[in-house]
Structure formats: C-alpha cells, structure tokens
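**Student:** My structure is below; once you've seen it, I'll send some questions.
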Amino acid sequence: MPDSFQPQPEHRFTFGLWTVGNPGGDAFGQPVRRKLSPVEIVHLLAEIGAYGVNLHDNDLVPIDATAAERDRIVAEFKKALQENGIVVPMATTNLFSDPVFKDGAFTANDAAVRAYALHKTMRAIDLGVELGARVYVFWGGREGSESDAAKNPLDAGKRFREAINFLCEYVRDQRYDLKFALEAKPNEPRGDIYLPTTGAMLGFIATLDHPDMVGVNPEMAHEQMAGLNFMHAVAQAWDAGKLFHIDLNDQNFCRYDQDFRFGSHNMKQSFFLVKFLEDVGYAGSRHFDAHAYRTEDAEGVKDFARGCMRTYLILKDKAARYNADAGIQALLKEIHAGDSAMAQFFGPYSSEKATALKAHTFDRITLGSRGMHYERLDQLVFDLLMGVR
Ligand code: GCO
Ligand code: MN
Ligand code: MN
C-alpha cells in the first residue's frame with residue numbers, strides 16, 4: 001500500500017551516477033557489487049521514482065574514449081533519459097581519479113596539468129550542457145596538499161581563482177545558461193583541501209570576476225567531517241543568495257568520509273535541515289551524494305536510494321507538523337513575547353534611535369534570570385520526531 005511518502009518529480013530528488021552506481025570498493029577492500037552501466041542506472045532511478053541524475057564526465061564517457069565512442073555513448077544515454085523521463089540537472093568534472101591529478105587540477109604545481117584541467121573541464125561543460133544541465137559543480141578533491149612545503153596556499157588560491165574566472169568567461173562566450181556551484185570538503189582524498197568549508201567558499205566567491213554566476217554546493221557530510229553544523233552553513237549560503245545546489249547524505253562527526261544514507265545518523269540535524277529548506281522555499285535539486293553500505297547487493301542499493309527520499313519526505317512532513325503544532329508555536333510565541341516593545345530600537349540606524357537606546361534603562365537582573373524554556377521546546381521536537389506527539 002503506497003503511503004504519502006512517495007517521491008514525485010516536484011520533489012527534485014536526484015542521484016549521481018557515482019552514488020547508486022557505487023560498487024562498494026574502499027581503501028581496504030575490493031568492490032562487492034557489479035558495476036552498473038549509465039543506462040542501467042537511469043532505469044534504476046526511474047524504477048525508484050527519482051527525478052534526475054547527475055554525472056561526472058567520466059561516469060559516462062571514459063577518459064580515453066574516441067570522439068566517435070563519445071557520441072555513441074551520449075546518444076544511448078540520452079535515449080535512456082528520454083524513455084525513462086529522467087533529467088540531468090547538474091554535471092561536473094572528474095578532476096581527481098586519474099594519476100595526472102595526483103597533485104590537484106586547477107591548483108597543481110605543474111602548469112601542463114593546470115592547462116589540461118581547464119581543457120578537460122571545458123569539454124565536460126559542453127557535455128553537461130548538451131545533456132541539459134543548468135548547474136555545474138566544482139569539487140576540488142585533490143586541490144590541496146599533505147605538506148605545506150609543497151605548495152603555497154596563496155599560489156593555490158590565485159590559480160583556483162584564475163581557473164574559475166577563465167571558465168566563467170568560457171560559459172559566457174558560449175552563451176550557455178549555466179551556473180557554477182563550488183563544493184567544499186575539509187580533507188579526503190588530500191591531507192588538507194583548500195577552501196575547506198562552505199563559509200570559506202562564500203568568501204572566495206566574492207573575489208571572482210563574475211560572482212553572480214557562482215554559488216555553492218554544500219554537502220552535509222563534509223561539514224560534519226569538520227564537526228560543524230551543516231544547517232548553519234546552508235543558512236549562510238541561502239542568506240547570500242548562493243544556495244545553487246545541495247549534497248545530502250549523513251555521517252558520524254569527525255570521521256572519514258562515510259557518505260551514509262540521508263538521515264541515517266543525525267536524525268535531528270537532518271530534520272532541522274529539511275525544515276530550513278522547506279521553510280525558505282529552496283527550489284533546487286535535493287541531490288543525494290551518498291552510497292549504500294558495503295554490505296548491500298543490488299536490492300540493497302535500491303533500499304538505500306528509496307530510503308534517502310523517504311526520509312526526506314518524512315522529515316518534510318514533520319517540519320509541517322512542527323509549524324502547525326499549537327504547543328510548539330505557543331512556546332515560541334512566549335519566547336519572543338517581549339519583542340514588540342524593543343522594535344523601536346532595531347532596523348535602520350538614526351541618531352535619534354541611538355540617543356533613545358543609550359538613554360533606555362534595562363532591567364539587566366530580570367533579563368538575566370529569565371528561563372528560556374528551550375529544554376521543554378527541544379523535548380517537544382524529540383517527541384514529534386519519535387512520533388509520540
Ligand atoms: C566526495 C564529493 C563528490 C562530489 C562530486 C561532485 O566527497 O567525493 O562529495 O562526491 O560531490 O565529485 O562534484
Ligand atoms: Mn562527499
Ligand atoms: Mn558531494
């Protein structure tokens with residue numbers, strides 16, 4: 001019996017070819033699942049009710065494919081997309097797997113590698129646009145170092161800036177309708193990756209030639225690897241008008257890159273994230289950049305992918321309940337009860353306002369002794385999430 005948590009196209013749920021296609025190999029062990037072809041993945045995504053598929057250039061076209069092979073592969077893929085009603089909202093470049101990128105791509109010390117990275121990315125942008133992508137992600141997994149003797153972070157920053165500026169000009173030159181989204185990660189696969197957090201990316205974007213074309217693609221697990229509150233990073237990106245895309249997954253804090261099913265580990269953080277996205281009306285893709293546990297077979301991969309979407313929809317329902325919950329809303333009202341008396345002191349500056357504020361007498365002792373009821377509020381959230389409310 002289908003319940004109300006069935007994915008629909010309007011939910012904008014997407015998966016990367018590399019996510020449901022992940023065969024389960026890790027640094028210590030072999031793959032445990034058969035590698036699915038891109039066409040098989042499109043069928044799988046249609047079967048489970050996803051909206052779209054994202055890809056790196058080489059998830060679809062091997063790095064050494066001839067022009068004729070490329071065209072044949074792309075034509076087959078497009079046919080599968082059309083037949084299955086699956087779209088490609090986002091594309092990106094693999095600038096990390098091939099040995100040529102062992103010292104990074106846009107920040108590599110070897111100028112020929114930096115030039116090759118631009119060459120490869122322009123071709124990959126062409127491919128993404130051909131498939132209909134409107135967002136192009138830059139995740140610089142190898143843009144970092146193990147030893148600061150090897151690379152100067154100022155040089156690296158300058159090189160990265162020049163590369164993004166060059167590629168923005170390329171997109172404008174081609175008249176592509178495409179925005180860039182920069183994805184931060186603190187480490188893995190490099191010892192340290194430059195611009196390690198979403199906040200760092202936001203600061204960097206302001207230094208670009210076309211900052212309007214460039215936003216961020218925050219990833220939940222990446223901020224959690226650094227022990228940060230993901231929703232806060234997303235809120236800052238939203239406030240800056242820069243939330244162009246989002247990578248949803250989960251993991252234990254301060255661990256290796258775990259890429260768990262969305263909501264599988266930090267239920268409460270996932271809830272507040274979904275509530276944030278739904279409350280502000282984020283209209284972009286909800287991209288699950290995660291993969292099934294290594295213990296799973298082909299059926300388990302579907303369980304994983306269905307679980308990501310189902311969890312999102314359950315948390316979306318909980319967010320609506322939170323907003324409609326009389327007890328929670330009454331408590332919030334009580335918390336903000338004194339706000340109207342203070343409204344006169346906020347908003348745009350005026351010297352009259354400053355004078356009045358300086359002259360105002362505050363009952364500091366009473367203010368400091370007020371209980372905020374956050375314990376009660378947070379327990380209500382817990383009760384709501386556990387389904388006892
Ligand atoms: C990772 C990253 C990648 C990127 C992807 C798209 O930790 O491996 O999250 O999955 O999101 O390369 O740019
Ligand atoms: Mn990741
Ligand atoms: Mn990611």
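Here, A, B, ... name the chains of the structure tokens in the order displayed, residue numbers run from 1 inside each chain, and ligands are numbered from 1 in the same displayed order.
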Give the helix (DSSP H, G or I) residues of segment 160-258 of chain A, as DSSP finds them on the backbone, and put them as a VMD selection string.

**Tutor:** chain A and resid 160 to 173 198 to 205 211 to 213 220 to 225 230 to 239

**Student:** For the strand (DSSP E) assignment from backbone DSSP, which residues of segment 41-111 of chain A qualify? Please present them as an NGL selection string.

**Tutor:** :A and (52-56 or 90-92)

**Student:** Please dump the current selection as a PDB file, in the first residue's frame; keep C-alpha atoms.

**Tutor:**
ATOM      1  CA  GLY A  52      17.140  13.288 -12.145  1.00  0.00           C
ATOM      2  CA  VAL A  53      20.661  12.007 -12.482  1.00  0.00           C
ATOM      3  CA  ASN A  54      23.912  13.953 -12.152  1.00  0.00           C
ATOM      4  CA  LEU A  55      27.270  12.917 -13.512  1.00  0.00           C
ATOM      5  CA  HIS A  56      30.981  13.474 -13.819  1.00  0.00           C
ATOM      6  CA  MET A  90      23.796  19.008 -12.692  1.00  0.00           C
ATOM      7  CA  ALA A  91      27.099  17.946 -14.202  1.00  0.00           C
ATOM      8  CA  THR A  92      30.698  18.072 -13.016  1.00  0.00           C
TER       9      THR A  92
END

**Student:** Excluding same-chain residues fewer than 6 positions from Lys353 of chain A, what lies within 9 Å of it counting only C-alpha atoms, as a tab-separated table (two decimals) with N, CA, C and O atoms, in the first residue's frame?

**Tutor:**
chain	number	residue	atom	x	y	z
A	344	GLN	N	11.35	49.37	18.42
A	344	GLN	CA	11.77	50.77	18.17
A	344	GLN	C	13.29	50.91	18.10
A	344	GLN	O	13.79	51.88	17.51
A	345	PHE	N	14.03	49.96	18.70
A	345	PHE	CA	15.50	50.11	18.74
A	345	PHE	C	16.20	49.40	17.57
A	345	PHE	O	17.41	49.49	17.42
A	346	PHE	N	15.45	48.67	16.77
A	346	PHE	CA	16.09	47.91	15.68
A	346	PHE	C	15.80	48.53	14.33
A	346	PHE	O	15.15	49.57	14.24

**Student:** Considering only C-alpha atoms and all ligand atoms, tabulate each residue of chain A that lies at most 9 Å from ligand 1 along with its nearest interatomic pair and the corresponding distance in Å to one decimal; arrange the rows by chain and ascending residue number and present them as a Markdown table.

**Tutor:**
| residue | atom | partner | partner_atom_place_in_ligand_line | distance |
| --- | --- | --- | --- | --- |
| A:Gly16 | CA | ligand 1 | 6 (C) | 8.0 |
| A:Trp18 | CA | ligand 1 | 10 (O) | 7.6 |
| A:Thr19 | CA | ligand 1 | 10 (O) | 7.8 |
| A:Asn54 | CA | ligand 1 | 6 (C) | 8.4 |
| A:Leu55 | CA | ligand 1 | 6 (C) | 7.6 |
| A:His56 | CA | ligand 1 | 6 (C) | 6.9 |
| A:Ala91 | CA | ligand 1 | 6 (C) | 7.8 |
| A:Thr92 | CA | ligand 1 | 13 (O) | 5.5 |
| A:Thr93 | CA | ligand 1 | 13 (O) | 7.0 |
| A:Asn94 | CA | ligand 1 | 12 (O) | 6.6 |
| A:Leu95 | CA | ligand 1 | 12 (O) | 8.3 |
| A:Phe96 | CA | ligand 1 | 12 (O) | 8.4 |
| A:Tyr136 | CA | ligand 1 | 13 (O) | 8.5 |
| A:Val137 | CA | ligand 1 | 13 (O) | 5.2 |
| A:Phe138 | CA | ligand 1 | 13 (O) | 5.5 |
| A:Trp139 | CA | ligand 1 | 13 (O) | 4.4 |
| A:Gly140 | CA | ligand 1 | 13 (O) | 7.7 |
| A:Gly141 | CA | ligand 1 | 8 (O) | 7.0 |
| A:Leu182 | CA | ligand 1 | 13 (O) | 8.4 |
| A:Glu183 | CA | ligand 1 | 13 (O) | 6.9 |
| A:Ala184 | CA | ligand 1 | 9 (O) | 8.4 |
| A:Lys185 | CA | ligand 1 | 7 (O) | 7.0 |
| A:Asn187 | CA | ligand 1 | 7 (O) | 9.0 |
| A:Glu188 | CA | ligand 1 | 7 (O) | 7.4 |
| A:Pro189 | CA | ligand 1 | 8 (O) | 8.2 |
| A:Asn217 | CA | ligand 1 | 11 (O) | 8.1 |
| A:Pro218 | CA | ligand 1 | 11 (O) | 8.9 |
| A:Glu219 | CA | ligand 1 | 9 (O) | 6.7 |
| A:Ala221 | CA | ligand 1 | 7 (O) | 8.1 |
| A:His222 | CA | ligand 1 | 7 (O) | 7.1 |
| A:Asp247 | CA | ligand 1 | 11 (O) | 6.8 |
| A:Asp257 | CA | ligand 1 | 7 (O) | 6.6 |
| A:Gln258 | CA | ligand 1 | 7 (O) | 8.7 |
| A:Asp259 | CA | ligand 1 | 7 (O) | 7.6 |
| A:Asp289 | CA | ligand 1 | 10 (O) | 5.8 |
| A:Ala290 | CA | ligand 1 | 10 (O) | 7.6 |

**Student:** Nearest to Ile314 of chain A among A:Ala150, A:Ile73, A:Val274, A:Phe204, with distances taken over only C-alpha atoms: which residue is it?

**Tutor:** A:Val274

**Student:** Quick one: everything within 10 Å of His373 of chain A, counting only C-alpha atoms, minus sequence neighbours fewer than 5 positions away in the same chain. Send it as a VMD selection string.

**Tutor:** chain A and resid 331 to 332 334 to 335 378

**Student:** At a cut-off of 12 Å, using only C-alpha atoms, what residues contact Asp325 of chain A? Leave out same-chain residues fewer than 2 positions from it and give the result as an mmCIF file with all heavy atoms, in the first residue's frame.

**Tutor:**
data_model
loop_
_atom_site.group_PDB
_atom_site.id
_atom_site.type_symbol
_atom_site.label_atom_id
_atom_site.label_comp_id
_atom_site.auth_asym_id
_atom_site.auth_seq_id
_atom_site.Cartn_x
_atom_site.Cartn_y
_atom_site.Cartn_z
ATOM 1 N N LYS A 318 7.255 16.122 9.056
ATOM 2 C CA LYS A 318 7.480 16.518 10.459
ATOM 3 C C LYS A 318 7.660 18.034 10.566
ATOM 4 O O LYS A 318 7.220 18.652 11.541
ATOM 5 C CB LYS A 318 8.727 15.823 11.025
ATOM 6 C CG LYS A 318 8.617 14.319 11.142
ATOM 7 C CD LYS A 318 7.715 13.908 12.289
ATOM 8 C CE LYS A 318 7.654 12.392 12.443
ATOM 9 N NZ LYS A 318 6.573 11.972 13.342
ATOM 10 N N ALA A 319 8.312 18.620 9.572
ATOM 11 C CA ALA A 319 8.513 20.080 9.596
ATOM 12 C C ALA A 319 7.165 20.801 9.513
ATOM 13 O O ALA A 319 6.931 21.790 10.218
ATOM 14 C CB ALA A 319 9.419 20.498 8.439
ATOM 15 N N ALA A 320 6.276 20.282 8.669
ATOM 16 C CA ALA A 320 4.941 20.894 8.565
ATOM 17 C C ALA A 320 4.198 20.736 9.894
ATOM 18 O O ALA A 320 3.505 21.654 10.347
ATOM 19 C CB ALA A 320 4.162 20.241 7.426
ATOM 20 N N ARG A 321 4.355 19.572 10.522
ATOM 21 C CA ARG A 321 3.712 19.350 11.839
ATOM 22 C C ARG A 321 4.282 20.302 12.902
ATOM 23 O O ARG A 321 3.554 20.795 13.750
ATOM 24 C CB ARG A 321 3.916 17.898 12.304
ATOM 25 C CG ARG A 321 3.085 16.917 11.543
ATOM 26 C CD ARG A 321 3.459 15.485 11.927
ATOM 27 N NE ARG A 321 2.898 14.557 10.982
ATOM 28 C CZ ARG A 321 1.682 14.014 11.102
ATOM 29 N NH1 ARG A 321 0.944 14.267 12.156
ATOM 30 N NH2 ARG A 321 1.221 13.192 10.187
ATOM 31 N N TYR A 322 5.580 20.501 12.855
ATOM 32 C CA TYR A 322 6.233 21.427 13.798
ATOM 33 C C TYR A 322 5.620 22.818 13.640
ATOM 34 O O TYR A 322 5.266 23.485 14.612
ATOM 35 C CB TYR A 322 7.728 21.457 13.494
ATOM 36 C CG TYR A 322 8.568 22.417 14.317
ATOM 37 C CD1 TYR A 322 9.350 21.942 15.377
ATOM 38 C CD2 TYR A 322 8.617 23.780 14.035
ATOM 39 C CE1 TYR A 322 10.146 22.795 16.126
ATOM 40 C CE2 TYR A 322 9.404 24.644 14.777
ATOM 41 C CZ TYR A 322 10.166 24.142 15.822
ATOM 42 O OH TYR A 322 10.949 25.014 16.559
ATOM 43 N N ASN A 323 5.486 23.253 12.373
ATOM 44 C CA ASN A 323 4.967 24.599 12.117
ATOM 45 C C ASN A 323 3.494 24.729 12.519
ATOM 46 O O ASN A 323 3.021 25.832 12.796
ATOM 47 C CB ASN A 323 5.136 24.971 10.639
ATOM 48 C CG ASN A 323 6.602 25.176 10.285
ATOM 49 O OD1 ASN A 323 7.433 25.420 11.166
ATOM 50 N ND2 ASN A 323 6.938 25.065 9.010
ATOM 51 N N GLY A 327 1.271 23.547 20.616
ATOM 52 C CA GLY A 327 2.129 23.622 21.801
ATOM 53 C C GLY A 327 3.486 24.242 21.468
ATOM 54 O O GLY A 327 3.981 25.124 22.193
ATOM 55 N N ILE A 328 4.071 23.797 20.394
ATOM 56 C CA ILE A 328 5.392 24.318 19.988
ATOM 57 C C ILE A 328 5.280 25.792 19.621
ATOM 58 O O ILE A 328 6.091 26.624 20.051
ATOM 59 C CB ILE A 328 5.959 23.484 18.809
ATOM 60 C CG1 ILE A 328 6.333 22.089 19.297
ATOM 61 C CG2 ILE A 328 7.162 24.182 18.178
ATOM 62 C CD1 ILE A 328 6.783 21.126 18.215
ATOM 63 N N GLN A 329 4.251 26.125 18.867
ATOM 64 C CA GLN A 329 4.109 27.517 18.424
ATOM 65 C C GLN A 329 3.807 28.446 19.599
ATOM 66 O O GLN A 329 4.280 29.589 19.638
ATOM 67 C CB GLN A 329 3.032 27.633 17.324
ATOM 68 C CG GLN A 329 3.419 26.912 16.024
ATOM 69 C CD GLN A 329 4.816 27.288 15.510
ATOM 70 O OE1 GLN A 329 5.204 28.460 15.504
ATOM 71 N NE2 GLN A 329 5.608 26.296 15.105
ATOM 72 N N ALA A 330 3.052 27.945 20.573
ATOM 73 C CA ALA A 330 2.748 28.775 21.750
ATOM 74 C C ALA A 330 4.032 29.055 22.533
ATOM 75 O O ALA A 330 4.261 30.170 23.014
ATOM 76 C CB ALA A 330 1.718 28.068 22.637
ATOM 77 N N LEU A 331 4.846 28.039 22.638
ATOM 78 C CA LEU A 331 6.111 28.195 23.356
ATOM 79 C C LEU A 331 7.023 29.192 22.631
ATOM 80 O O LEU A 331 7.652 30.056 23.257
ATOM 81 C CB LEU A 331 6.793 26.828 23.459
ATOM 82 C CG LEU A 331 7.730 26.567 24.626
ATOM 83 C CD1 LEU A 331 7.181 27.083 25.944
ATOM 84 C CD2 LEU A 331 8.010 25.070 24.720
ATOM 85 N N LEU A 332 7.073 29.094 21.325
ATOM 86 C CA LEU A 332 7.891 30.026 20.537
ATOM 87 C C LEU A 332 7.377 31.453 20.712
ATOM 88 O O LEU A 332 8.156 32.411 20.818
ATOM 89 C CB LEU A 332 7.877 29.635 19.050
ATOM 90 C CG LEU A 332 8.703 28.393 18.697
ATOM 91 C CD1 LEU A 332 8.443 27.950 17.264
ATOM 92 C CD2 LEU A 332 10.202 28.656 18.903
ATOM 93 N N LEU A 377 11.104 22.992 24.850
ATOM 94 C CA LEU A 377 10.939 23.086 23.394
ATOM 95 C C LEU A 377 11.654 21.931 22.685
ATOM 96 O O LEU A 377 11.086 21.268 21.813
ATOM 97 C CB LEU A 377 11.491 24.436 22.916
ATOM 98 C CG LEU A 377 11.402 24.717 21.423
ATOM 99 C CD1 LEU A 377 9.951 24.797 20.957
ATOM 100 C CD2 LEU A 377 12.123 26.024 21.071
ATOM 101 N N LEU A 380 9.925 18.699 23.015
ATOM 102 C CA LEU A 380 8.766 18.624 22.120
ATOM 103 C C LEU A 380 9.203 18.207 20.719
ATOM 104 O O LEU A 380 8.528 17.428 20.048
ATOM 105 C CB LEU A 380 8.033 19.977 22.068
ATOM 106 C CG LEU A 380 7.296 20.385 23.347
ATOM 107 C CD1 LEU A 380 6.646 21.761 23.173
ATOM 108 C CD2 LEU A 380 6.239 19.351 23.738
ATOM 109 N N VAL A 381 10.344 18.728 20.292
ATOM 110 C CA VAL A 381 10.885 18.345 18.980
ATOM 111 C C VAL A 381 11.185 16.842 18.980
ATOM 112 O O VAL A 381 10.836 16.128 18.037
ATOM 113 C CB VAL A 381 12.177 19.140 18.651
ATOM 114 C CG1 VAL A 381 12.833 18.607 17.380
ATOM 115 C CG2 VAL A 381 11.873 20.621 18.509
ATOM 116 N N ASP A 383 9.867 14.514 20.893
ATOM 117 C CA ASP A 383 8.594 13.782 20.923
ATOM 118 C C ASP A 383 7.972 13.727 19.521
ATOM 119 O O ASP A 383 7.472 12.703 19.085
ATOM 120 C CB ASP A 383 7.593 14.452 21.887
ATOM 121 C CG ASP A 383 7.977 14.233 23.348
ATOM 122 O OD1 ASP A 383 9.026 13.612 23.614
ATOM 123 O OD2 ASP A 383 7.208 14.685 24.231
ATOM 124 N N LEU A 384 8.034 14.884 18.849
ATOM 125 C CA LEU A 384 7.458 14.989 17.494
ATOM 126 C C LEU A 384 8.189 14.033 16.542
ATOM 127 O O LEU A 384 7.569 13.273 15.788
ATOM 128 C CB LEU A 384 7.596 16.430 17.018
ATOM 129 C CG LEU A 384 6.952 16.757 15.683
ATOM 130 C CD1 LEU A 384 5.525 17.218 15.879
ATOM 131 C CD2 LEU A 384 7.725 17.843 14.956
ATOM 132 N N ARG A 389 4.022 12.436 19.518
ATOM 133 C CA ARG A 389 3.296 13.694 19.631
ATOM 134 C C ARG A 389 2.458 13.916 18.385
ATOM 135 O O ARG A 389 2.936 13.723 17.294
ATOM 136 C CB ARG A 389 4.307 14.842 19.757
ATOM 137 C CG ARG A 389 3.652 16.132 20.086
ATOM 138 C CD ARG A 389 4.657 17.223 20.403
ATOM 139 N NE ARG A 389 3.956 18.478 20.501
ATOM 140 C CZ ARG A 389 3.248 18.877 21.552
ATOM 141 N NH1 ARG A 389 3.209 18.118 22.617
ATOM 142 N NH2 ARG A 389 2.604 20.022 21.553
#

**Student:** Set the distance at 8 Å and use only C-alpha atoms: which residues neighbour Phe304 of chain A once local chain neighbours fewer than 3 positions away are removed? I'd like the list as a VMD selection string.

**Tutor:** chain A and resid 261 291 to 292 300 to 301 307 to 308

**Student:** Show which residues sit within 10 Å of Leu131 of chain A, as a PDB file with N, CA, C and O atoms, in the first residue's frame. Count only C-alpha atoms, and ignore same-chain residues fewer than 6 positions away.

**Tutor:**
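Contents of out24.pdb, as written:
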ATOM      1  N   ASN A  54      22.768  13.059 -11.951  1.00  0.00           N
ATOM      2  CA  ASN A  54      23.912  13.953 -12.152  1.00  0.00           C
ATOM      3  C   ASN A  54      25.133  13.106 -12.496  1.00  0.00           C
ATOM      4  O   ASN A  54      25.171  11.916 -12.177  1.00  0.00           O
ATOM      5  N   VAL A  74      26.887   8.972 -25.610  1.00  0.00           N
ATOM      6  CA  VAL A  74      25.989  10.075 -25.239  1.00  0.00           C
ATOM      7  C   VAL A  74      24.611   9.884 -25.872  1.00  0.00           C
ATOM      8  O   VAL A  74      23.579  10.098 -25.228  1.00  0.00           O
ATOM      9  N   ALA A  75      24.592   9.427 -27.115  1.00  0.00           N
ATOM     10  CA  ALA A  75      23.303   9.205 -27.800  1.00  0.00           C
ATOM     11  C   ALA A  75      22.495   8.124 -27.078  1.00  0.00           C
ATOM     12  O   ALA A  75      21.288   8.283 -26.839  1.00  0.00           O
ATOM     13  N   PHE A  77      22.733   7.220 -23.974  1.00  0.00           N
ATOM     14  CA  PHE A  77      22.344   7.737 -22.650  1.00  0.00           C
ATOM     15  C   PHE A  77      21.134   8.664 -22.787  1.00  0.00           C
ATOM     16  O   PHE A  77      20.171   8.563 -22.018  1.00  0.00           O
ATOM     17  N   LYS A  78      21.189   9.551 -23.774  1.00  0.00           N
ATOM     18  CA  LYS A  78      20.074  10.488 -23.989  1.00  0.00           C
ATOM     19  C   LYS A  78      18.770   9.740 -24.266  1.00  0.00           C
ATOM     20  O   LYS A  78      17.716  10.134 -23.794  1.00  0.00           O
ATOM     21  N   LEU A  81      17.465   8.420 -21.059  1.00  0.00           N
ATOM     22  CA  LEU A  81      16.894   9.511 -20.253  1.00  0.00           C
ATOM     23  C   LEU A  81      15.478   9.810 -20.730  1.00  0.00           C
ATOM     24  O   LEU A  81      14.540   9.912 -19.929  1.00  0.00           O
ATOM     25  N   VAL A  87      15.901  13.518 -15.956  1.00  0.00           N
ATOM     26  CA  VAL A  87      16.631  14.693 -16.451  1.00  0.00           C
ATOM     27  C   VAL A  87      18.028  14.761 -15.815  1.00  0.00           C
ATOM     28  O   VAL A  87      18.298  14.087 -14.817  1.00  0.00           O
ATOM     29  N   VAL A  88      18.879  15.611 -16.394  1.00  0.00           N
ATOM     30  CA  VAL A  88      20.245  15.815 -15.865  1.00  0.00           C
ATOM     31  C   VAL A  88      20.361  17.275 -15.401  1.00  0.00           C
ATOM     32  O   VAL A  88      20.720  18.149 -16.179  1.00  0.00           O
ATOM     33  N   PRO A  89      20.065  17.558 -14.140  1.00  0.00           N
ATOM     34  CA  PRO A  89      20.113  18.963 -13.692  1.00  0.00           C
ATOM     35  C   PRO A  89      21.530  19.467 -13.418  1.00  0.00           C
ATOM     36  O   PRO A  89      21.782  20.654 -13.488  1.00  0.00           O
ATOM     37  N   MET A  90      22.455  18.575 -13.096  1.00  0.00           N
ATOM     38  CA  MET A  90      23.796  19.008 -12.692  1.00  0.00           C
ATOM     39  C   MET A  90      24.850  18.114 -13.337  1.00  0.00           C
ATOM     40  O   MET A  90      24.640  16.913 -13.504  1.00  0.00           O
ATOM     41  N   ALA A  91      25.965  18.730 -13.705  1.00  0.00           N
ATOM     42  CA  ALA A  91      27.099  17.946 -14.202  1.00  0.00           C
ATOM     43  C   ALA A  91      28.376  18.479 -13.558  1.00  0.00           C
ATOM     44  O   ALA A  91      28.388  19.576 -12.981  1.00  0.00           O
ATOM     45  N   ILE A 125      31.977  20.632 -19.575  1.00  0.00           N
ATOM     46  CA  ILE A 125      30.887  21.615 -19.542  1.00  0.00           C
ATOM     47  C   ILE A 125      30.034  21.466 -20.812  1.00  0.00           C
ATOM     48  O   ILE A 125      28.797  21.459 -20.744  1.00  0.00           O
TER      49      ILE A 125
END

**Student:** Could you check the closest approach to ligand 3 for each of A:Asp192, A:Asp209, A:Asp148, A:Glu223 and tell me which residue wins, using only C-alpha atoms and all ligand atoms?

**Tutor:**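 Distance minimum relative to ligand 3 lands on A:Glu223.
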
**Student:** May I ask which of the residues A:Asn165, A:Asn266, A:Gln251, A:Thr311 is the closest one to ligand 2, counting only C-alpha atoms and all ligand atoms?

**Tutor:**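 Selected residue with least distance to ligand 2: A:Gln251.
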